[in-house]
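Trainee: The file below is protein.txt, compact mmCIF, N, CA and C atoms:
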```txt
# COMPACT_ATOMS: atom_id res chain seq x y z
N MET A 1 3.92 1.22 -9.14
CA MET A 1 3.48 2.40 -8.42
C MET A 1 3.55 3.63 -9.31
N GLN A 2 4.62 3.74 -10.10
CA GLN A 2 4.77 4.89 -10.99
C GLN A 2 3.62 4.92 -11.98
N ARG A 3 3.20 3.73 -12.49
CA ARG A 3 2.10 3.69 -13.44
C ARG A 3 0.81 4.19 -12.79
N SER A 4 0.60 3.86 -11.52
CA SER A 4 -0.60 4.33 -10.83
C SER A 4 -0.59 5.85 -10.71
N LEU A 5 0.56 6.41 -10.41
CA LEU A 5 0.67 7.86 -10.30
C LEU A 5 0.38 8.52 -11.64
N GLU A 6 0.91 7.96 -12.71
CA GLU A 6 0.65 8.49 -14.05
C GLU A 6 -0.85 8.45 -14.36
N GLN A 7 -1.49 7.36 -13.98
CA GLN A 7 -2.92 7.22 -14.24
C GLN A 7 -3.74 8.20 -13.42
N ARG A 8 -3.34 8.43 -12.18
CA ARG A 8 -4.06 9.42 -11.37
C ARG A 8 -3.92 10.81 -11.97
N MET A 9 -2.75 11.12 -12.51
CA MET A 9 -2.56 12.41 -13.19
C MET A 9 -3.46 12.49 -14.43
N ALA A 10 -3.56 11.38 -15.15
CA ALA A 10 -4.42 11.35 -16.34
C ALA A 10 -5.89 11.53 -15.95
N ILE A 11 -6.30 10.89 -14.86
CA ILE A 11 -7.68 11.04 -14.39
C ILE A 11 -7.94 12.49 -14.01
N LYS A 12 -7.01 13.09 -13.30
CA LYS A 12 -7.17 14.50 -12.90
C LYS A 12 -7.28 15.39 -14.14
N PHE A 13 -6.48 15.10 -15.15
CA PHE A 13 -6.53 15.85 -16.40
C PHE A 13 -7.91 15.71 -17.05
N CYS A 14 -8.45 14.50 -17.07
CA CYS A 14 -9.78 14.28 -17.65
C CYS A 14 -10.85 15.04 -16.88
N VAL A 15 -10.72 15.07 -15.56
CA VAL A 15 -11.68 15.83 -14.75
C VAL A 15 -11.61 17.30 -15.12
N LYS A 16 -10.41 17.82 -15.29
CA LYS A 16 -10.27 19.24 -15.66
C LYS A 16 -10.85 19.53 -17.05
N LEU A 17 -10.85 18.50 -17.93
CA LEU A 17 -11.45 18.64 -19.25
C LEU A 17 -12.96 18.37 -19.21
N GLU A 18 -13.48 18.15 -18.00
CA GLU A 18 -14.90 17.89 -17.76
C GLU A 18 -15.37 16.60 -18.42
N LYS A 19 -14.48 15.60 -18.47
CA LYS A 19 -14.84 14.27 -18.95
C LYS A 19 -15.47 13.51 -17.78
N SER A 20 -16.47 12.71 -18.07
CA SER A 20 -17.09 11.89 -17.02
C SER A 20 -16.18 10.69 -16.73
N ALA A 21 -16.47 10.01 -15.64
CA ALA A 21 -15.70 8.80 -15.32
C ALA A 21 -15.92 7.76 -16.40
N ALA A 22 -17.14 7.67 -16.91
CA ALA A 22 -17.44 6.70 -17.97
C ALA A 22 -16.66 7.01 -19.25
N GLU A 23 -16.39 8.28 -19.52
CA GLU A 23 -15.57 8.65 -20.68
C GLU A 23 -14.09 8.44 -20.41
N THR A 24 -13.70 8.57 -19.16
CA THR A 24 -12.29 8.46 -18.77
C THR A 24 -11.80 7.02 -18.84
N ILE A 25 -12.64 6.08 -18.43
CA ILE A 25 -12.23 4.67 -18.35
C ILE A 25 -11.68 4.13 -19.67
N PRO A 26 -12.40 4.25 -20.79
CA PRO A 26 -11.85 3.68 -22.03
C PRO A 26 -10.56 4.36 -22.48
N MET A 27 -10.42 5.64 -22.19
CA MET A 27 -9.18 6.32 -22.57
C MET A 27 -8.00 5.77 -21.78
N LEU A 28 -8.21 5.54 -20.47
CA LEU A 28 -7.14 4.99 -19.65
C LEU A 28 -6.82 3.56 -20.07
N LYS A 29 -7.85 2.77 -20.36
CA LYS A 29 -7.62 1.38 -20.79
C LYS A 29 -6.82 1.34 -22.09
N LYS A 30 -7.10 2.25 -23.00
CA LYS A 30 -6.37 2.31 -24.26
C LYS A 30 -4.92 2.75 -24.02
N ALA A 31 -4.73 3.72 -23.14
CA ALA A 31 -3.39 4.26 -22.88
C ALA A 31 -2.52 3.31 -22.06
N PHE A 32 -3.10 2.64 -21.07
CA PHE A 32 -2.30 1.84 -20.13
C PHE A 32 -2.47 0.34 -20.29
N GLY A 33 -3.42 -0.09 -21.08
CA GLY A 33 -3.60 -1.52 -21.37
C GLY A 33 -3.78 -2.36 -20.11
N ALA A 34 -3.02 -3.43 -20.04
CA ALA A 34 -3.14 -4.39 -18.93
C ALA A 34 -2.75 -3.77 -17.59
N ASP A 35 -1.98 -2.69 -17.60
CA ASP A 35 -1.56 -2.04 -16.36
C ASP A 35 -2.57 -1.03 -15.84
N CYS A 36 -3.72 -0.93 -16.49
CA CYS A 36 -4.72 0.07 -16.12
C CYS A 36 -5.32 -0.23 -14.75
N LEU A 37 -5.62 0.84 -14.02
CA LEU A 37 -6.34 0.71 -12.76
C LEU A 37 -7.70 0.06 -13.02
N SER A 38 -8.28 -0.50 -11.99
CA SER A 38 -9.62 -1.09 -12.13
C SER A 38 -10.64 0.04 -12.32
N ASP A 39 -11.79 -0.33 -12.89
CA ASP A 39 -12.87 0.66 -13.07
C ASP A 39 -13.23 1.31 -11.75
N ARG A 40 -13.28 0.49 -10.70
CA ARG A 40 -13.65 1.01 -9.37
C ARG A 40 -12.66 2.06 -8.89
N GLN A 41 -11.35 1.78 -9.08
CA GLN A 41 -10.34 2.75 -8.67
C GLN A 41 -10.44 4.03 -9.50
N ILE A 42 -10.71 3.89 -10.79
CA ILE A 42 -10.84 5.07 -11.65
C ILE A 42 -12.02 5.92 -11.19
N PHE A 43 -13.16 5.26 -10.91
CA PHE A 43 -14.33 6.01 -10.41
C PHE A 43 -14.01 6.72 -9.11
N ARG A 44 -13.31 6.02 -8.20
CA ARG A 44 -12.98 6.62 -6.89
C ARG A 44 -12.10 7.86 -7.07
N TRP A 45 -11.05 7.74 -7.87
CA TRP A 45 -10.15 8.88 -8.08
C TRP A 45 -10.86 9.99 -8.85
N HIS A 46 -11.66 9.63 -9.82
CA HIS A 46 -12.39 10.64 -10.60
C HIS A 46 -13.28 11.46 -9.67
N LYS A 47 -14.01 10.77 -8.81
CA LYS A 47 -14.90 11.46 -7.86
C LYS A 47 -14.10 12.38 -6.94
N ALA A 48 -12.97 11.88 -6.42
CA ALA A 48 -12.16 12.68 -5.50
C ALA A 48 -11.65 13.95 -6.18
N PHE A 49 -11.16 13.82 -7.42
CA PHE A 49 -10.67 15.01 -8.14
C PHE A 49 -11.82 15.95 -8.49
N ALA A 50 -12.96 15.39 -8.84
CA ALA A 50 -14.13 16.22 -9.16
C ALA A 50 -14.61 17.00 -7.94
N GLU A 51 -14.38 16.43 -6.74
CA GLU A 51 -14.80 17.10 -5.50
C GLU A 51 -13.73 18.06 -4.98
N GLY A 52 -12.64 18.22 -5.72
CA GLY A 52 -11.65 19.23 -5.35
C GLY A 52 -10.30 18.72 -4.88
N LEU A 53 -10.11 17.42 -4.80
CA LEU A 53 -8.80 16.91 -4.41
C LEU A 53 -7.76 17.36 -5.42
N GLU A 54 -6.62 17.84 -4.94
CA GLU A 54 -5.56 18.31 -5.82
C GLU A 54 -4.36 17.37 -5.84
N ASP A 55 -4.10 16.69 -4.74
CA ASP A 55 -2.92 15.84 -4.61
C ASP A 55 -3.14 14.52 -5.33
N VAL A 56 -2.23 14.16 -6.25
CA VAL A 56 -2.35 12.90 -6.98
C VAL A 56 -1.68 11.75 -6.25
N ASN A 57 -0.98 12.03 -5.17
CA ASN A 57 -0.33 10.96 -4.40
C ASN A 57 -1.35 10.20 -3.59
N ASP A 58 -1.12 8.90 -3.44
CA ASP A 58 -2.01 8.04 -2.68
C ASP A 58 -1.91 8.39 -1.21
N GLU A 59 -3.03 8.33 -0.50
CA GLU A 59 -3.03 8.63 0.93
C GLU A 59 -2.50 7.44 1.71
N ASN A 60 -1.88 7.71 2.85
CA ASN A 60 -1.43 6.63 3.73
C ASN A 60 -2.64 5.95 4.32
N ARG A 61 -2.56 4.65 4.44
CA ARG A 61 -3.67 3.88 4.98
C ARG A 61 -3.31 3.37 6.37
N ALA A 62 -4.33 3.28 7.21
CA ALA A 62 -4.13 2.68 8.52
C ALA A 62 -3.79 1.22 8.31
N GLY A 63 -2.85 0.74 9.08
CA GLY A 63 -2.47 -0.65 8.96
C GLY A 63 -1.36 -0.89 7.96
N GLN A 64 -0.99 0.14 7.24
CA GLN A 64 0.11 -0.02 6.30
C GLN A 64 1.39 -0.17 7.10
N PRO A 65 2.20 -1.16 6.79
CA PRO A 65 3.40 -1.39 7.60
C PRO A 65 4.38 -0.23 7.51
N SER A 66 4.98 0.06 8.62
CA SER A 66 5.99 1.11 8.67
C SER A 66 7.29 0.56 8.11
N THR A 67 7.99 1.40 7.38
CA THR A 67 9.27 0.97 6.82
C THR A 67 10.44 1.61 7.56
N SER A 68 10.13 2.29 8.64
CA SER A 68 11.20 2.96 9.37
C SER A 68 11.71 2.08 10.49
N SER A 69 12.96 2.30 10.84
CA SER A 69 13.53 1.58 11.98
C SER A 69 14.24 2.60 12.87
N SER A 70 14.29 2.28 14.13
CA SER A 70 14.97 3.16 15.07
C SER A 70 15.84 2.29 15.97
N ASP A 71 16.71 2.93 16.70
CA ASP A 71 17.58 2.19 17.62
C ASP A 71 16.74 1.43 18.65
N ASP A 72 15.64 2.06 19.13
CA ASP A 72 14.78 1.40 20.11
C ASP A 72 14.15 0.14 19.52
N ASN A 73 13.65 0.22 18.28
CA ASN A 73 13.04 -0.95 17.65
C ASN A 73 14.06 -2.08 17.50
N VAL A 74 15.24 -1.76 17.05
CA VAL A 74 16.27 -2.78 16.86
C VAL A 74 16.65 -3.41 18.19
N ARG A 75 16.81 -2.60 19.24
CA ARG A 75 17.16 -3.11 20.56
C ARG A 75 16.05 -4.02 21.08
N ASN A 76 14.78 -3.62 20.94
CA ASN A 76 13.66 -4.43 21.41
C ASN A 76 13.59 -5.76 20.68
N LEU A 77 13.82 -5.75 19.38
CA LEU A 77 13.80 -6.99 18.62
C LEU A 77 14.95 -7.91 19.03
N THR A 78 16.11 -7.33 19.29
CA THR A 78 17.26 -8.12 19.72
C THR A 78 16.97 -8.79 21.06
N ILE A 79 16.38 -8.06 21.99
CA ILE A 79 16.04 -8.60 23.30
C ILE A 79 15.01 -9.72 23.15
N CYS A 80 13.98 -9.50 22.33
CA CYS A 80 12.96 -10.54 22.11
C CYS A 80 13.57 -11.78 21.50
N ASP A 81 14.49 -11.61 20.57
CA ASP A 81 15.14 -12.75 19.93
C ASP A 81 15.97 -13.53 20.95
N GLN A 82 16.67 -12.82 21.85
CA GLN A 82 17.47 -13.49 22.87
C GLN A 82 16.58 -14.27 23.83
N ILE A 83 15.47 -13.68 24.25
CA ILE A 83 14.54 -14.35 25.16
C ILE A 83 13.97 -15.58 24.49
N ASP A 84 13.58 -15.47 23.22
CA ASP A 84 13.02 -16.59 22.49
C ASP A 84 14.04 -17.72 22.38
N SER A 85 15.30 -17.39 22.12
CA SER A 85 16.36 -18.40 22.03
C SER A 85 16.56 -19.11 23.36
N GLU A 86 16.50 -18.36 24.48
CA GLU A 86 16.66 -18.96 25.80
C GLU A 86 15.54 -19.95 26.09
N PHE A 87 14.30 -19.62 25.73
CA PHE A 87 13.18 -20.54 25.95
C PHE A 87 13.35 -21.79 25.12
N GLU A 88 13.75 -21.65 23.87
CA GLU A 88 13.94 -22.81 23.01
C GLU A 88 15.04 -23.72 23.58
N PHE A 89 16.13 -23.13 24.07
CA PHE A 89 17.22 -23.90 24.62
C PHE A 89 16.78 -24.64 25.88
N SER A 90 16.02 -23.95 26.76
CA SER A 90 15.57 -24.59 27.99
C SER A 90 14.57 -25.70 27.68
N ASP A 91 13.76 -25.56 26.65
CA ASP A 91 12.84 -26.63 26.26
C ASP A 91 13.62 -27.86 25.82
N LEU A 92 14.71 -27.66 25.10
CA LEU A 92 15.52 -28.79 24.65
C LEU A 92 16.19 -29.49 25.83
N GLU A 93 16.66 -28.71 26.81
CA GLU A 93 17.31 -29.29 27.98
C GLU A 93 16.33 -30.13 28.80
N ASN A 94 15.06 -29.75 28.78
CA ASN A 94 14.04 -30.45 29.58
C ASN A 94 13.35 -31.56 28.79
N GLY A 95 13.96 -32.06 27.75
CA GLY A 95 13.38 -33.18 27.02
C GLY A 95 12.61 -32.79 25.78
N GLY A 96 12.63 -31.55 25.43
CA GLY A 96 11.97 -31.12 24.19
C GLY A 96 10.47 -30.98 24.35
N TYR A 97 9.83 -30.88 23.23
CA TYR A 97 8.38 -30.69 23.21
C TYR A 97 7.68 -32.03 23.33
N ASP A 98 6.44 -32.00 23.79
CA ASP A 98 5.63 -33.21 23.88
C ASP A 98 5.40 -33.78 22.49
N LYS A 99 5.46 -35.08 22.37
CA LYS A 99 5.20 -35.73 21.11
C LYS A 99 3.76 -36.16 21.06
N ILE A 100 3.18 -36.13 19.90
CA ILE A 100 1.77 -36.50 19.72
C ILE A 100 1.69 -37.98 19.48
```
Please, can you express the file's structure as structure tokens?
Mentor:
Amino acid sequence: MQRSLEQRMAIKFCVKLEKSAAETIPMLKKAFGADCLSDRQIFRWHKAFAEGLEDVNDENRAGQPSTSSSDDNVRNLTICDQIDSEFEFSDLENGGYDKI
């Protein structure tokens, strides 16, 4: 992730120097080697900075998993786990699952 941030800063710098995306790509490939962003990502970031984007941080995406937890989330998961365990236990008491 840190390498991506460094590369976005480098792309922004190239835009400020009025370098085209086509000129920027080989410079990034030389500087970052195998860790270089894809050409498509370089073009996307180059265009965004050329259109006035100032923030080099990646935007949050819809569908990206949340890394936060709250007391409500923990309590809900605990309840779901207890309910799931009760169903599994009752299935075992009633002869288990059907066999194929």
Trainee: Find the spatial neighbours of Phe49 of chain A, counting only C-alpha atoms, within a cut-off of 10 Å - ignore same-chain residues fewer than 3 positions away - and output them as a list of chain:residue names.
Mentor: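 So, after excluding close chain neighbours, the residues are A:Arg8, A:Met9, A:Ile11, A:Lys12, A:Phe13, A:Cys14, A:Val15, A:Lys16, A:Phe43, A:Arg44, A:Trp45, A:His46, A:Gly52, A:Leu53, A:Glu54, A:Asp55, A:Val56.
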Trainee: Build an axis-aligned box that encloses every atom of segment 36-48 of chain A listed in the file, pad it by 3 Å on each side, and report its centre and edge lengths in Å to one decimal, as AutoDock Vina command-line options.
Mentor:
```
--center_x -9.3 --center_y 6.4 --center_z -11.0 --size_x 17.2 --size_y 21.0 --size_z 17.0
```
Trainee: Counting all atoms listed in the file, which residue out of A:Ala62, A:Ile83, A:Leu17, A:Ile25 sits closest to Ile42 of chain A?
Mentor: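 Ranked by minimum distance to Ile42 of chain A, first place goes to A:Ile25.
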Trainee: Quote the spacing between atom C of Asn57 of chain A and atom C of Asn73 of chain A in Å to one decimal place.
Mentor: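 Distance between the two atoms: 28.9 Å.
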